[in-house]
$ cat entry_1.txt   # compact mmCIF, C-alpha atoms and all ligand atoms
# COMPACT_ATOMS: atom_id res chain seq x y z
CA MET U 267 58.05 -52.93 -97.67
CA ASN U 268 56.17 -52.53 -94.38
CA ASN U 269 52.46 -51.60 -94.21
CA PHE U 270 51.64 -47.94 -93.79
CA GLU U 271 48.93 -45.28 -93.79
CA PHE U 272 49.95 -41.78 -94.73
CA ALA U 273 48.50 -38.35 -95.47
CA ASN U 274 50.35 -35.06 -95.61
CA PRO U 275 47.80 -32.24 -95.83
CA VAL U 276 50.21 -29.28 -96.10
CA LYS U 277 49.61 -27.10 -99.14
CA ILE U 278 52.95 -25.93 -100.56
CA VAL U 279 53.19 -22.58 -102.35
CA PHE U 280 56.65 -22.46 -103.90
CA GLY U 281 58.64 -19.81 -105.74
CA LYS U 282 59.62 -16.18 -106.17
CA GLY U 283 57.22 -13.56 -104.89
CA THR U 284 54.87 -16.07 -103.27
CA ILE U 285 54.59 -14.30 -99.89
CA ALA U 286 52.09 -12.02 -101.64
CA ARG U 287 49.77 -15.05 -101.84
CA LEU U 288 49.14 -14.95 -98.07
CA SER U 289 45.79 -13.22 -98.28
CA SER U 290 44.40 -15.99 -100.46
CA LEU U 291 45.57 -18.63 -97.98
CA ILE U 292 44.37 -17.24 -94.62
CA PRO U 293 40.59 -17.01 -94.24
CA GLN U 294 39.34 -13.40 -94.49
CA GLY U 295 38.28 -12.02 -91.11
CA SER U 296 40.82 -14.10 -89.19
CA LYS U 297 42.52 -12.64 -86.14
CA VAL U 298 46.10 -13.43 -87.04
CA LEU U 299 49.12 -13.69 -84.75
CA MET U 300 52.39 -13.45 -86.66
CA LEU U 301 55.20 -15.20 -84.78
CA TYR U 302 58.88 -14.69 -85.50
CA GLY U 303 62.37 -14.90 -84.07
CA GLY U 304 65.08 -12.46 -83.12
CA GLY U 305 64.50 -9.95 -85.86
CA SER U 306 66.27 -11.19 -89.03
CA ILE U 307 62.97 -10.74 -90.88
CA LYS U 308 63.07 -7.00 -90.20
CA LYS U 309 66.51 -6.67 -91.82
CA ASN U 310 65.90 -8.71 -94.96
CA GLY U 311 62.50 -7.35 -96.00
CA ILE U 312 60.42 -10.43 -95.15
CA TYR U 313 58.57 -8.59 -92.38
CA THR U 314 57.44 -5.90 -94.83
CA GLN U 315 56.41 -8.48 -97.44
CA VAL U 316 54.27 -10.30 -94.86
CA THR U 317 52.63 -7.23 -93.33
CA ASP U 318 51.94 -5.80 -96.80
CA ALA U 319 50.28 -9.05 -97.81
CA LEU U 320 48.15 -9.04 -94.64
CA LYS U 321 46.74 -5.52 -94.91
CA GLY U 322 43.06 -5.82 -94.13
CA TYR U 323 43.51 -8.50 -91.44
CA GLN U 324 43.50 -7.88 -87.71
CA LEU U 325 47.16 -8.60 -87.05
CA TRP U 326 49.13 -9.13 -83.81
CA GLU U 327 52.82 -9.89 -83.47
CA PHE U 328 54.87 -12.06 -81.15
CA SER U 329 58.65 -11.81 -81.58
CA GLY U 330 61.71 -13.11 -79.77
CA ILE U 331 61.31 -16.85 -80.34
CA GLU U 332 64.79 -18.25 -79.75
CA ALA U 333 66.73 -20.74 -81.84
CA ASN U 334 65.87 -24.01 -80.03
CA PRO U 335 62.63 -22.41 -78.85
CA HIS U 336 61.96 -22.12 -75.16
CA TYR U 337 58.87 -23.52 -73.49
CA GLU U 338 58.77 -20.44 -71.30
CA THR U 339 58.58 -18.13 -74.35
CA CYS U 340 55.90 -20.26 -75.98
CA MET U 341 53.75 -19.97 -72.85
CA GLN U 342 53.92 -16.16 -73.09
CA ALA U 343 52.51 -16.44 -76.60
CA VAL U 344 49.77 -18.78 -75.33
CA ASP U 345 48.69 -16.03 -72.90
CA LEU U 346 48.56 -13.48 -75.73
CA VAL U 347 46.53 -15.81 -77.97
CA LYS U 348 43.98 -16.35 -75.21
CA LYS U 349 43.83 -12.67 -74.23
CA GLU U 350 43.31 -11.37 -77.78
CA LYS U 351 41.16 -14.31 -78.92
CA ILE U 352 43.48 -14.99 -81.85
CA ASP U 353 42.24 -17.66 -84.28
CA PHE U 354 45.09 -18.10 -86.78
CA LEU U 355 48.84 -18.50 -86.16
CA LEU U 356 51.34 -17.47 -88.83
CA ALA U 357 54.92 -18.66 -88.26
CA VAL U 358 57.50 -16.60 -90.14
CA GLY U 359 60.88 -18.22 -89.66
CA GLY U 360 62.89 -21.42 -89.58
CA GLY U 361 62.35 -24.63 -87.65
CA SER U 362 62.47 -22.92 -84.27
CA VAL U 363 59.65 -20.46 -84.98
CA ILE U 364 57.56 -23.13 -86.70
CA ASP U 365 58.06 -25.63 -83.87
CA ALA U 366 57.19 -23.02 -81.25
CA THR U 367 54.04 -22.15 -83.21
CA LYS U 368 53.00 -25.82 -83.35
CA PHE U 369 53.42 -26.16 -79.61
CA ILE U 370 51.51 -22.94 -78.96
CA SER U 371 48.69 -24.10 -81.24
CA ALA U 372 48.29 -27.23 -79.13
CA ALA U 373 48.94 -25.65 -75.71
CA VAL U 374 46.22 -23.00 -76.18
CA TYR U 375 43.46 -25.64 -75.95
CA PHE U 376 45.21 -28.08 -73.62
CA LYS U 377 43.47 -28.78 -70.34
CA GLY U 378 46.15 -29.39 -67.72
CA ASP U 379 49.86 -28.62 -67.69
CA PRO U 380 51.02 -28.13 -71.30
CA TRP U 381 54.51 -29.40 -70.40
CA ASP U 382 52.90 -32.86 -70.31
CA ILE U 383 52.45 -32.68 -74.11
CA LEU U 384 56.25 -32.85 -74.33
CA ALA U 385 57.30 -34.62 -71.17
CA LYS U 386 54.58 -37.29 -71.02
CA GLY U 387 53.37 -37.44 -74.60
CA ALA U 388 49.92 -36.31 -73.39
CA SER U 389 47.39 -36.49 -76.19
CA ILE U 390 45.89 -33.33 -77.63
CA GLU U 391 42.38 -33.01 -79.00
CA LYS U 392 42.46 -29.66 -80.72
CA ALA U 393 45.00 -27.23 -82.20
CA MET U 394 44.75 -23.77 -83.73
CA PRO U 395 45.28 -23.50 -87.52
CA ILE U 396 48.83 -22.66 -88.56
CA GLY U 397 50.34 -21.13 -91.69
CA VAL U 398 54.07 -20.88 -92.42
CA VAL U 399 56.35 -18.50 -94.29
CA LEU U 400 59.61 -20.45 -94.33
CA THR U 401 62.87 -18.47 -94.08
CA LEU U 402 65.43 -21.26 -93.61
CA ALA U 403 65.64 -24.55 -95.52
CA ALA U 404 66.56 -27.25 -93.01
CA THR U 405 64.12 -28.98 -90.70
CA GLY U 406 61.12 -29.84 -92.88
CA SER U 407 58.96 -28.57 -89.99
CA GLU U 408 56.96 -26.52 -92.51
CA SER U 409 55.55 -29.76 -93.87
CA ASN U 410 55.41 -32.18 -90.96
CA ASP U 411 53.63 -32.71 -87.66
CA ARG U 412 56.59 -32.56 -85.26
CA ALA U 413 58.04 -29.97 -82.91
CA VAL U 414 61.00 -29.81 -80.57
CA ILE U 415 60.94 -27.49 -77.54
CA SER U 416 63.47 -26.77 -74.78
CA ARG U 417 62.63 -26.00 -71.16
CA VAL U 418 65.48 -23.93 -69.86
CA SER U 419 64.67 -24.23 -66.16
CA VAL U 420 65.11 -28.02 -66.24
CA GLY U 421 67.77 -28.19 -69.00
CA LYS U 422 65.64 -30.47 -71.20
CA LYS U 423 64.84 -30.58 -74.91
CA MET U 424 61.78 -32.67 -75.80
CA ASN U 425 59.69 -33.39 -78.88
CA PHE U 426 56.11 -34.22 -79.75
CA ALA U 427 54.25 -35.13 -82.92
CA ASN U 428 50.55 -34.92 -83.73
CA PRO U 429 48.67 -34.67 -87.05
CA LEU U 430 46.63 -31.77 -85.62
CA VAL U 431 49.68 -29.49 -85.82
CA TYR U 432 50.40 -29.95 -89.52
CA PRO U 433 50.46 -26.43 -90.98
CA GLN U 434 47.60 -25.68 -93.37
CA PHE U 435 50.03 -24.17 -95.84
CA ALA U 436 53.71 -23.33 -96.22
CA ILE U 437 55.10 -20.60 -98.45
CA LEU U 438 58.56 -21.45 -99.76
CA ASP U 439 60.28 -18.56 -101.52
CA PRO U 440 63.94 -19.55 -102.07
CA GLU U 441 64.95 -15.89 -102.41
CA VAL U 442 64.32 -15.26 -98.72
CA THR U 443 67.19 -17.62 -97.87
CA TYR U 444 69.81 -15.34 -99.51
CA SER U 445 70.16 -13.37 -96.28
CA LEU U 446 71.08 -16.39 -94.13
CA PRO U 447 74.50 -16.36 -92.47
CA VAL U 448 76.72 -18.99 -94.10
CA HIS U 449 76.79 -21.10 -90.93
CA GLN U 450 72.97 -21.35 -90.91
CA VAL U 451 73.03 -22.39 -94.57
CA ALA U 452 75.54 -25.11 -93.71
CA ASN U 453 73.43 -26.20 -90.73
CA GLY U 454 70.44 -26.55 -93.05
CA VAL U 455 72.35 -28.63 -95.57
CA VAL U 456 73.71 -31.00 -92.91
CA ASP U 457 70.38 -31.28 -91.03
CA SER U 458 68.35 -32.07 -94.14
CA PHE U 459 70.95 -34.58 -95.39
CA ILE U 460 70.85 -36.35 -92.02
CA HIS U 461 67.03 -36.42 -92.04
CA VAL U 462 67.29 -38.56 -95.13
CA ILE U 463 69.98 -40.73 -93.53
CA GLU U 464 67.85 -41.35 -90.42
CA GLN U 465 65.08 -42.78 -92.61
CA TYR U 466 67.35 -44.62 -95.06
CA LEU U 467 70.42 -45.98 -93.31
CA THR U 468 68.95 -48.98 -91.53
CA TYR U 469 68.37 -52.33 -93.27
CA PRO U 470 66.76 -53.04 -96.65
CA VAL U 471 63.06 -53.91 -96.84
CA ASP U 472 62.81 -53.80 -100.64
CA ALA U 473 61.24 -50.32 -100.56
CA LYS U 474 62.47 -49.23 -103.96
CA VAL U 475 60.48 -46.00 -104.26
CA GLN U 476 61.61 -44.77 -100.84
CA ASP U 477 65.25 -45.84 -101.39
CA TYR U 478 65.66 -44.22 -104.82
CA PHE U 479 63.81 -41.11 -103.67
CA ALA U 480 66.05 -40.86 -100.59
CA GLU U 481 69.18 -41.32 -102.71
CA SER U 482 68.12 -38.62 -105.15
CA LEU U 483 67.51 -36.21 -102.26
CA MET U 484 70.94 -36.94 -100.79
CA ARG U 485 72.61 -36.44 -104.18
CA VAL U 486 70.91 -33.08 -104.57
CA ILE U 487 71.69 -31.90 -101.03
CA TYR U 488 75.32 -33.06 -101.27
CA ALA U 489 76.02 -31.44 -104.65
CA GLU U 490 74.05 -28.23 -104.16
CA GLY U 491 75.17 -27.93 -100.53
CA LEU U 492 78.81 -27.73 -101.58
CA LYS U 493 77.94 -25.28 -104.36
CA VAL U 494 75.88 -22.87 -102.25
CA LEU U 495 78.90 -21.98 -100.12
CA HIS U 496 80.55 -20.39 -103.18
CA ASP U 497 77.45 -19.20 -105.02
CA PRO U 498 74.97 -18.05 -102.33
CA HIS U 499 72.81 -15.89 -104.61
CA ASN U 500 72.17 -18.60 -107.19
CA TYR U 501 68.38 -19.05 -107.31
CA GLY U 502 68.56 -22.57 -108.79
CA ILE U 503 70.80 -23.84 -106.00
CA ARG U 504 68.62 -22.25 -103.30
CA ALA U 505 65.42 -23.59 -104.88
CA ASN U 506 66.76 -27.14 -105.11
CA LEU U 507 68.06 -27.08 -101.53
CA MET U 508 64.78 -25.70 -100.21
CA TRP U 509 62.60 -28.26 -101.95
CA ALA U 510 64.97 -31.09 -101.02
CA ALA U 511 64.89 -30.09 -97.33
CA THR U 512 61.09 -30.13 -97.32
CA ASN U 513 60.98 -33.55 -98.98
CA ALA U 514 63.61 -34.87 -96.59
CA LEU U 515 61.18 -34.66 -93.67
CA ASN U 516 57.63 -34.39 -94.96
CA GLY U 517 57.00 -38.08 -94.39
CA TRP U 518 57.19 -39.51 -97.89
CA ILE U 519 60.58 -41.22 -97.76
CA GLY U 520 59.88 -42.59 -94.28
CA VAL U 521 56.73 -44.56 -95.01
CA GLY U 522 56.97 -48.35 -94.91
CA VAL U 523 60.65 -48.43 -93.92
CA PRO U 524 62.52 -48.87 -90.63
CA GLN U 525 63.92 -45.64 -89.22
CA ASP U 526 66.71 -44.72 -86.82
CA TRP U 527 66.48 -41.35 -85.10
CA SER U 528 69.37 -42.05 -82.70
CA SER U 529 71.55 -39.15 -83.81
CA HIS U 530 68.67 -36.70 -83.38
CA ARG U 531 67.73 -38.01 -79.93
CA LEU U 532 71.32 -38.19 -78.69
CA GLY U 533 71.84 -34.63 -79.92
CA TYR U 534 69.20 -33.13 -77.63
CA ALA U 535 71.54 -33.26 -74.59
CA LEU U 536 74.33 -31.57 -76.55
CA THR U 537 71.99 -28.64 -77.22
CA ALA U 538 70.40 -28.58 -73.77
CA GLN U 539 73.68 -28.89 -71.84
CA PHE U 540 76.27 -27.30 -74.14
CA GLY U 541 74.28 -25.03 -76.46
CA LEU U 542 75.26 -26.59 -79.78
CA ASP U 543 73.04 -25.80 -82.78
CA HIS U 544 70.83 -28.70 -83.80
CA ALA U 545 72.84 -29.52 -86.97
CA GLU U 546 76.12 -29.20 -85.05
CA THR U 547 74.99 -31.99 -82.73
CA LEU U 548 74.19 -34.24 -85.68
CA ALA U 549 77.51 -33.72 -87.47
CA VAL U 550 79.30 -34.90 -84.33
CA ILE U 551 77.07 -37.84 -83.44
CA LEU U 552 76.00 -39.42 -86.73
CA PRO U 553 79.51 -40.71 -87.61
CA GLY U 554 79.60 -42.39 -84.18
CA VAL U 555 76.18 -44.01 -84.61
CA ILE U 556 77.19 -45.39 -88.02
CA GLN U 557 80.52 -46.66 -86.68
CA TYR U 558 78.78 -48.34 -83.73
CA MET U 559 76.06 -49.88 -85.93
CA GLN U 560 78.17 -50.64 -88.99
CA LYS U 561 77.45 -54.37 -89.02
CA GLU U 562 73.66 -53.88 -88.78
CA LYS U 563 73.70 -51.10 -91.35
CA GLN U 564 76.30 -52.60 -93.68
CA GLU U 565 74.12 -53.22 -96.73
CA LYS U 566 72.72 -49.71 -96.67
CA ILE U 567 76.13 -48.11 -96.01
CA LEU U 568 77.48 -49.81 -99.15
CA ARG U 569 74.46 -48.65 -101.12
CA LEU U 570 74.79 -45.09 -99.81
CA GLY U 571 78.47 -45.03 -100.75
CA ALA U 572 77.79 -46.18 -104.31
CA ALA U 573 74.66 -44.11 -104.97
CA VAL U 574 75.67 -40.80 -103.41
CA PHE U 575 79.47 -40.71 -103.24
CA ASN U 576 80.30 -43.07 -106.13
CA ILE U 577 82.32 -45.35 -103.86
CA VAL U 578 82.43 -48.63 -105.77
CA ASP U 579 86.02 -49.88 -105.49
CA GLY U 580 87.60 -52.00 -102.76
CA ASP U 581 86.38 -54.82 -100.55
CA ILE U 582 83.35 -54.49 -98.29
CA GLN U 583 85.21 -53.10 -95.25
CA GLU U 584 87.16 -50.63 -97.39
CA ARG U 585 83.97 -49.31 -98.98
CA VAL U 586 82.24 -49.03 -95.60
CA GLU U 587 85.16 -47.08 -94.15
CA ASN U 588 85.51 -44.91 -97.23
CA THR U 589 81.79 -44.05 -97.08
CA MET U 590 81.98 -43.15 -93.37
CA ALA U 591 85.08 -40.99 -93.98
CA THR U 592 83.48 -39.24 -96.97
CA LEU U 593 80.37 -38.45 -94.96
CA GLU U 594 82.42 -36.85 -92.19
CA SER U 595 84.51 -34.88 -94.72
CA PHE U 596 81.29 -33.58 -96.25
CA PHE U 597 80.21 -32.14 -92.89
CA ARG U 598 83.66 -30.60 -92.41
CA GLU U 599 83.65 -29.13 -95.92
CA MET U 600 80.35 -27.49 -94.99
CA GLY U 601 82.25 -25.89 -92.11
CA LEU U 602 80.85 -27.95 -89.21
CA LYS U 603 82.96 -29.55 -86.50
CA THR U 604 82.68 -33.29 -86.09
CA ARG U 605 84.39 -33.97 -82.74
CA LEU U 606 83.27 -33.26 -79.17
CA HIS U 607 86.68 -31.91 -78.08
CA GLU U 608 86.31 -29.13 -80.66
CA TYR U 609 83.45 -27.85 -78.47
CA GLY U 610 85.49 -28.30 -75.27
CA ILE U 611 83.53 -31.42 -74.29
CA THR U 612 85.60 -34.10 -72.57
CA GLU U 613 85.34 -37.61 -71.14
CA GLN U 614 84.01 -36.16 -67.87
CA ASP U 615 80.89 -34.99 -69.70
CA LEU U 616 79.90 -38.39 -71.11
CA ASP U 617 77.57 -39.30 -68.22
CA VAL U 618 75.62 -36.05 -68.57
CA LEU U 619 75.29 -36.59 -72.31
CA SER U 620 74.00 -40.15 -72.05
CA ALA U 621 71.80 -39.52 -68.97
CA PRO U 622 68.57 -38.72 -70.90
CA VAL U 623 68.68 -42.12 -72.63
CA ASP U 624 68.61 -43.76 -69.22
CA GLN U 625 66.13 -41.39 -67.57
CA LEU U 626 63.65 -41.56 -70.44
CA GLY U 627 64.16 -45.27 -71.04
CA TRP U 628 65.07 -44.82 -74.69
CA LYS U 629 66.04 -47.87 -76.73
CA LEU U 630 67.23 -46.19 -79.88
CA SER U 631 68.04 -47.24 -83.46
CA GLU U 632 66.11 -49.44 -85.86
CA ASN U 633 66.62 -52.45 -83.59
CA GLY U 634 66.48 -50.77 -80.15
CA LYS U 635 70.14 -51.60 -79.52
CA ILE U 636 71.23 -48.16 -78.32
CA ASP U 637 70.65 -47.88 -74.58
CA SER U 638 72.50 -45.53 -72.22
CA ARG U 639 75.61 -47.73 -72.13
CA ALA U 640 75.74 -47.82 -75.94
CA ALA U 641 75.03 -44.08 -76.08
CA LYS U 642 78.01 -43.43 -73.84
CA GLU U 643 80.19 -45.58 -76.09
CA ILE U 644 78.99 -43.65 -79.16
CA PHE U 645 79.80 -40.32 -77.48
CA SER U 646 83.21 -41.65 -76.49
CA LEU U 647 83.89 -42.57 -80.13
CA ARG U 648 83.43 -38.87 -80.94
CA LEU U 649 85.69 -37.28 -78.27
O1 LIG T 1 65.66 -15.51 -84.96
P1 LIG T 1 66.04 -14.82 -86.21
O2 LIG T 1 66.53 -13.44 -86.02
O3 LIG T 1 64.98 -14.91 -87.28
O4 LIG T 1 67.35 -15.59 -86.79
C1 LIG T 1 67.32 -16.96 -87.17
C2 LIG T 1 68.05 -17.85 -86.15
O5 LIG T 1 68.99 -17.11 -85.41
C3 LIG T 1 68.15 -17.13 -88.40
N1 LIG T 1 67.39 -16.99 -89.66
C4 LIG T 1 66.31 -17.70 -90.06
N2 LIG T 1 65.95 -17.36 -91.31
C5 LIG T 1 66.80 -16.37 -91.70
C6 LIG T 1 67.71 -16.13 -90.64
N3 LIG T 1 68.69 -15.19 -90.74
C7 LIG T 1 68.77 -14.48 -91.88
N4 LIG T 1 67.95 -14.69 -92.94
C8 LIG T 1 66.95 -15.62 -92.89
N5 LIG T 1 66.16 -15.83 -93.96
O6 LIG T 1 68.66 -18.44 -88.36
C9 LIG T 1 68.85 -18.81 -86.99
C10 LIG T 1 68.44 -20.25 -86.80
O7 LIG T 1 67.04 -20.41 -87.00
P2 LIG T 1 66.30 -21.75 -86.52
O8 LIG T 1 64.87 -21.62 -86.85
O9 LIG T 1 66.69 -22.06 -85.13
O10 LIG T 1 67.00 -22.85 -87.45
P3 LIG T 1 66.46 -24.23 -87.99
O11 LIG T 1 65.50 -24.04 -89.10
O12 LIG T 1 67.68 -25.02 -88.25
O13 LIG T 1 65.64 -24.88 -86.77
C11 LIG T 1 66.27 -25.55 -85.72
C12 LIG T 1 65.25 -26.06 -84.73
O14 LIG T 1 64.36 -27.01 -85.35
C13 LIG T 1 64.35 -28.21 -84.60
C14 LIG T 1 65.71 -28.23 -83.96
O15 LIG T 1 65.77 -29.12 -82.88
C15 LIG T 1 65.89 -26.79 -83.56
O16 LIG T 1 65.22 -26.51 -82.36
N6 LIG T 1 64.01 -29.34 -85.47
C16 LIG T 1 62.71 -29.49 -85.84
C17 LIG T 1 62.29 -30.55 -86.60
C18 LIG T 1 60.88 -30.71 -86.99
N7 LIG T 1 59.98 -29.93 -86.45
O17 LIG T 1 60.56 -31.59 -87.77
C19 LIG T 1 63.21 -31.59 -87.06
C20 LIG T 1 64.63 -31.22 -86.94
O18 LIG T 1 65.37 -32.40 -86.90
C21 LIG T 1 64.96 -30.38 -85.75
O19 LIG T 1 65.07 -31.19 -84.57
ZN ZN T 2 67.13 -32.43 -87.72

$ encode --input "entry_1.txt" --output "structure tokens"
Amino acid sequence: MNNFEFANPVKIVFGKGTIARLSSLIPQGSKVLMLYGGGSIKKNGIYTQVTDALKGYQLWEFSGIEANPHYETCMQAVDLVKKEKIDFLLAVGGGSVIDATKFISAAVYFKGDPWDILAKGASIEKAMPIGVVLTLAATGSESNDRAVISRVSVGKKMNFANPLVYPQFAILDPEVTYSLPVHQVANGVVDSFIHVIEQYLTYPVDAKVQDYFAESLMRVIYAEGLKVLHDPHNYGIRANLMWAATNALNGWIGVGVPQDWSSHRLGYALTAQFGLDHAETLAVILPGVIQYMQKEKQEKILRLGAAVFNIVDGDIQERVENTMATLESFFREMGLKTRLHEYGITEQDLDVLSAPVDQLGWKLSENGKIDSRAAKEIFSLRL
């Protein structure tokens, strides 16, 4: 196991009816800005639950944060925060609203051009406190220090991470996920499963706690993910999926182990250029990354196959191929496409897709082997 230092300061408040706990979590007297997306919270009752819980606070609202949140929209919220002298940000939504809120919390105090936080990794010294009411189990953003933001005018999607943007608390009420469209549920299942994969499917470093923990999360997400499609109002299934998604990217399984975020990074261009949802990008790319890196990842692929899919028969190559095929079938069973041509993307688009790897000088994967030439090969495996 590699050395590590780790602290996750996010207080989790989990369960039915927990949105009512908001007033005990946000300091009295705060000037609160509630941030949300396109309006789903007004249809499913979450908006009323939040505003009821915040009676007695000075409350402002900022709505219209897009899926794959836009830099331009975040900057409008920054203006509002400064104008009204807001001092607490409450994100009510999924990964997009939470990520936007993290960026806003940093941009408000940033001296200089806030785009540099994303484009140049500029360091930040201060961020506004954030609370979260999670409405979609997927990204783990409610319990980590990362955010991903798109700038429409330049067609780029970029990320940043900083401990200052950890939320102070996250409320996780599984019942609020009942209203999700089935495709968003499937996206969440696939995204959270692949978060575990990106921290697990590299090479062994004898990190037993992390490996067994990762395998248990994948078993839960795989089994409950298939069930939720047929039983969407089952509280137990929703609760297990929600807690698994948080644990998949709150840092714990990633400490002291090599990681490979290639599929996530390569997916940014698919969203920025072709508008795919985040999880849709992953379901297409991950099988290509594993195929390309199958020699380097062989030991862990075999272990994944046995521990999660019960693939124990056959020689090494048969088990590797069976595991890769089972993984792809899982994504398809969840209703996601796994090939570029299904989105109308052809060989002519491969240069555009691999361009960011070149421009940003990325050397991806656990061993830095994936450069722009390799990225292009991976995309071509997925045509
Ligand atoms: O905008 P509204 O109307 O609220 O609708 C949203 C949105 O259209 C809807 N929705 C959310 N909760 C709902 C609901 N509809 C009905 N009932 C509910 N309870 O779902 C749609 C998608 O929401 P979004 O927040 O975009 O989804 P998700 O949570 O999958 O977040 C995706 C974003 O997170 C980033 C992705 O890149 C993408 O931009 N990620 C953030 C990460 C992080 N911060 O750690 C890691 C991830 O790998 C990911 O990159
Ligand atoms: Zn993800």

$ closest_atom_pairs --input "entry_1.txt" --of "chain U" --to "ligand ZN 2 (chain T)" --cutoff "10 Å" --atoms "only C-alpha atoms and all ligand atoms" --output "Markdown table"
| residue | atom | partner | partner_atom | distance |
| --- | --- | --- | --- | --- |
| U:Gly361 | CA | T:ZN2 | ZN | 9.1 |
| U:Ala404 | CA | T:ZN2 | ZN | 7.4 |
| U:Thr405 | CA | T:ZN2 | ZN | 5.5 |
| U:Gly406 | CA | T:ZN2 | ZN | 8.3 |
| U:Ser407 | CA | T:ZN2 | ZN | 9.3 |
| U:Val414 | CA | T:ZN2 | ZN | 9.8 |
| U:Asn453 | CA | T:ZN2 | ZN | 9.4 |
| U:Gly454 | CA | T:ZN2 | ZN | 8.6 |
| U:Val456 | CA | T:ZN2 | ZN | 8.5 |
| U:Asp457 | CA | T:ZN2 | ZN | 4.8 |
| U:Ser458 | CA | T:ZN2 | ZN | 6.5 |
| U:Phe459 | CA | T:ZN2 | ZN | 8.8 |
| U:Ile460 | CA | T:ZN2 | ZN | 6.9 |
| U:His461 | CA | T:ZN2 | ZN | 5.9 |
| U:Val462 | CA | T:ZN2 | ZN | 9.6 |
| U:Glu464 | CA | T:ZN2 | ZN | 9.3 |
| U:Ala514 | CA | T:ZN2 | ZN | 9.8 |
| U:Leu515 | CA | T:ZN2 | ZN | 8.7 |
| U:Trp527 | CA | T:ZN2 | ZN | 9.3 |
| U:Ser529 | CA | T:ZN2 | ZN | 8.9 |
| U:His530 | CA | T:ZN2 | ZN | 6.3 |
| U:Arg531 | CA | T:ZN2 | ZN | 9.6 |
| U:Gly533 | CA | T:ZN2 | ZN | 9.4 |
| U:His544 | CA | T:ZN2 | ZN | 6.6 |
| U:Ala545 | CA | T:ZN2 | ZN | 6.5 |
| U:Glu546 | CA | T:ZN2 | ZN | 9.9 |
| U:Thr547 | CA | T:ZN2 | ZN | 9.3 |
| U:Leu548 | CA | T:ZN2 | ZN | 7.6 |

$ residues_around --input "entry_1.txt" --residues "segment 332-340 of chain U" --least-positions-apart "4" --cutoff "7 Å" --atoms "all atoms listed in the file" --output "JSON, numbers by chain"
{"U": [303, 304, 344, 362, 366, 370, 415, 416, 417, 418]}

$ residues_around --input "entry_1.txt" --residues "segment 631-648 of chain U" --least-positions-apart "5" --cutoff "12 Å" --atoms "all atoms listed in the file" --output "short mmCIF file (atom, residue, chain, number, x, y, z; two decimals) with C-alpha atoms, keeping the file's coordinate frame"
data_model
loop_
_atom_site.label_atom_id
_atom_site.label_comp_id
_atom_site.auth_asym_id
_atom_site.auth_seq_id
_atom_site.Cartn_x
_atom_site.Cartn_y
_atom_site.Cartn_z
CA GLU U 464 67.85 -41.35 -90.42
CA GLN U 465 65.08 -42.78 -92.61
CA TYR U 466 67.35 -44.62 -95.06
CA LEU U 467 70.42 -45.98 -93.31
CA THR U 468 68.95 -48.98 -91.53
CA TYR U 469 68.37 -52.33 -93.27
CA PRO U 470 66.76 -53.04 -96.65
CA VAL U 523 60.65 -48.43 -93.92
CA PRO U 524 62.52 -48.87 -90.63
CA GLN U 525 63.92 -45.64 -89.22
CA ASP U 526 66.71 -44.72 -86.82
CA TRP U 527 66.48 -41.35 -85.10
CA SER U 528 69.37 -42.05 -82.70
CA SER U 529 71.55 -39.15 -83.81
CA HIS U 530 68.67 -36.70 -83.38
CA ARG U 531 67.73 -38.01 -79.93
CA LEU U 532 71.32 -38.19 -78.69
CA GLY U 533 71.84 -34.63 -79.92
CA ALA U 535 71.54 -33.26 -74.59
CA LEU U 536 74.33 -31.57 -76.55
CA THR U 547 74.99 -31.99 -82.73
CA LEU U 548 74.19 -34.24 -85.68
CA ALA U 549 77.51 -33.72 -87.47
CA VAL U 550 79.30 -34.90 -84.33
CA ILE U 551 77.07 -37.84 -83.44
CA LEU U 552 76.00 -39.42 -86.73
CA PRO U 553 79.51 -40.71 -87.61
CA GLY U 554 79.60 -42.39 -84.18
CA VAL U 555 76.18 -44.01 -84.61
CA ILE U 556 77.19 -45.39 -88.02
CA GLN U 557 80.52 -46.66 -86.68
CA TYR U 558 78.78 -48.34 -83.73
CA MET U 559 76.06 -49.88 -85.93
CA GLU U 562 73.66 -53.88 -88.78
CA LYS U 563 73.70 -51.10 -91.35
CA GLU U 594 82.42 -36.85 -92.19
CA LYS U 603 82.96 -29.55 -86.50
CA THR U 604 82.68 -33.29 -86.09
CA ARG U 605 84.39 -33.97 -82.74
CA LEU U 606 83.27 -33.26 -79.17
CA HIS U 607 86.68 -31.91 -78.08
CA GLU U 608 86.31 -29.13 -80.66
CA TYR U 609 83.45 -27.85 -78.47
CA ILE U 611 83.53 -31.42 -74.29
CA THR U 612 85.60 -34.10 -72.57
CA GLU U 613 85.34 -37.61 -71.14
CA GLN U 614 84.01 -36.16 -67.87
CA ASP U 615 80.89 -34.99 -69.70
CA LEU U 616 79.90 -38.39 -71.11
CA ASP U 617 77.57 -39.30 -68.22
CA VAL U 618 75.62 -36.05 -68.57
CA LEU U 619 75.29 -36.59 -72.31
CA SER U 620 74.00 -40.15 -72.05
CA ALA U 621 71.80 -39.52 -68.97
CA PRO U 622 68.57 -38.72 -70.90
CA VAL U 623 68.68 -42.12 -72.63
CA ASP U 624 68.61 -43.76 -69.22
CA GLN U 625 66.13 -41.39 -67.57
CA LEU U 626 63.65 -41.56 -70.44
#

$ residues_around --input "entry_1.txt" --residues "Lys377 of chain U" --least-positions-apart "2" --cutoff "12 Å" --atoms "all atoms listed in the file" --output "list of chain:residue names"
U:Ala372, U:Ala373, U:Val374, U:Tyr375, U:Asp379, U:Pro380, U:Trp381, U:Asp382, U:Ile383, U:Ala388, U:Ser389, U:Ile390, U:Glu391, U:Lys392
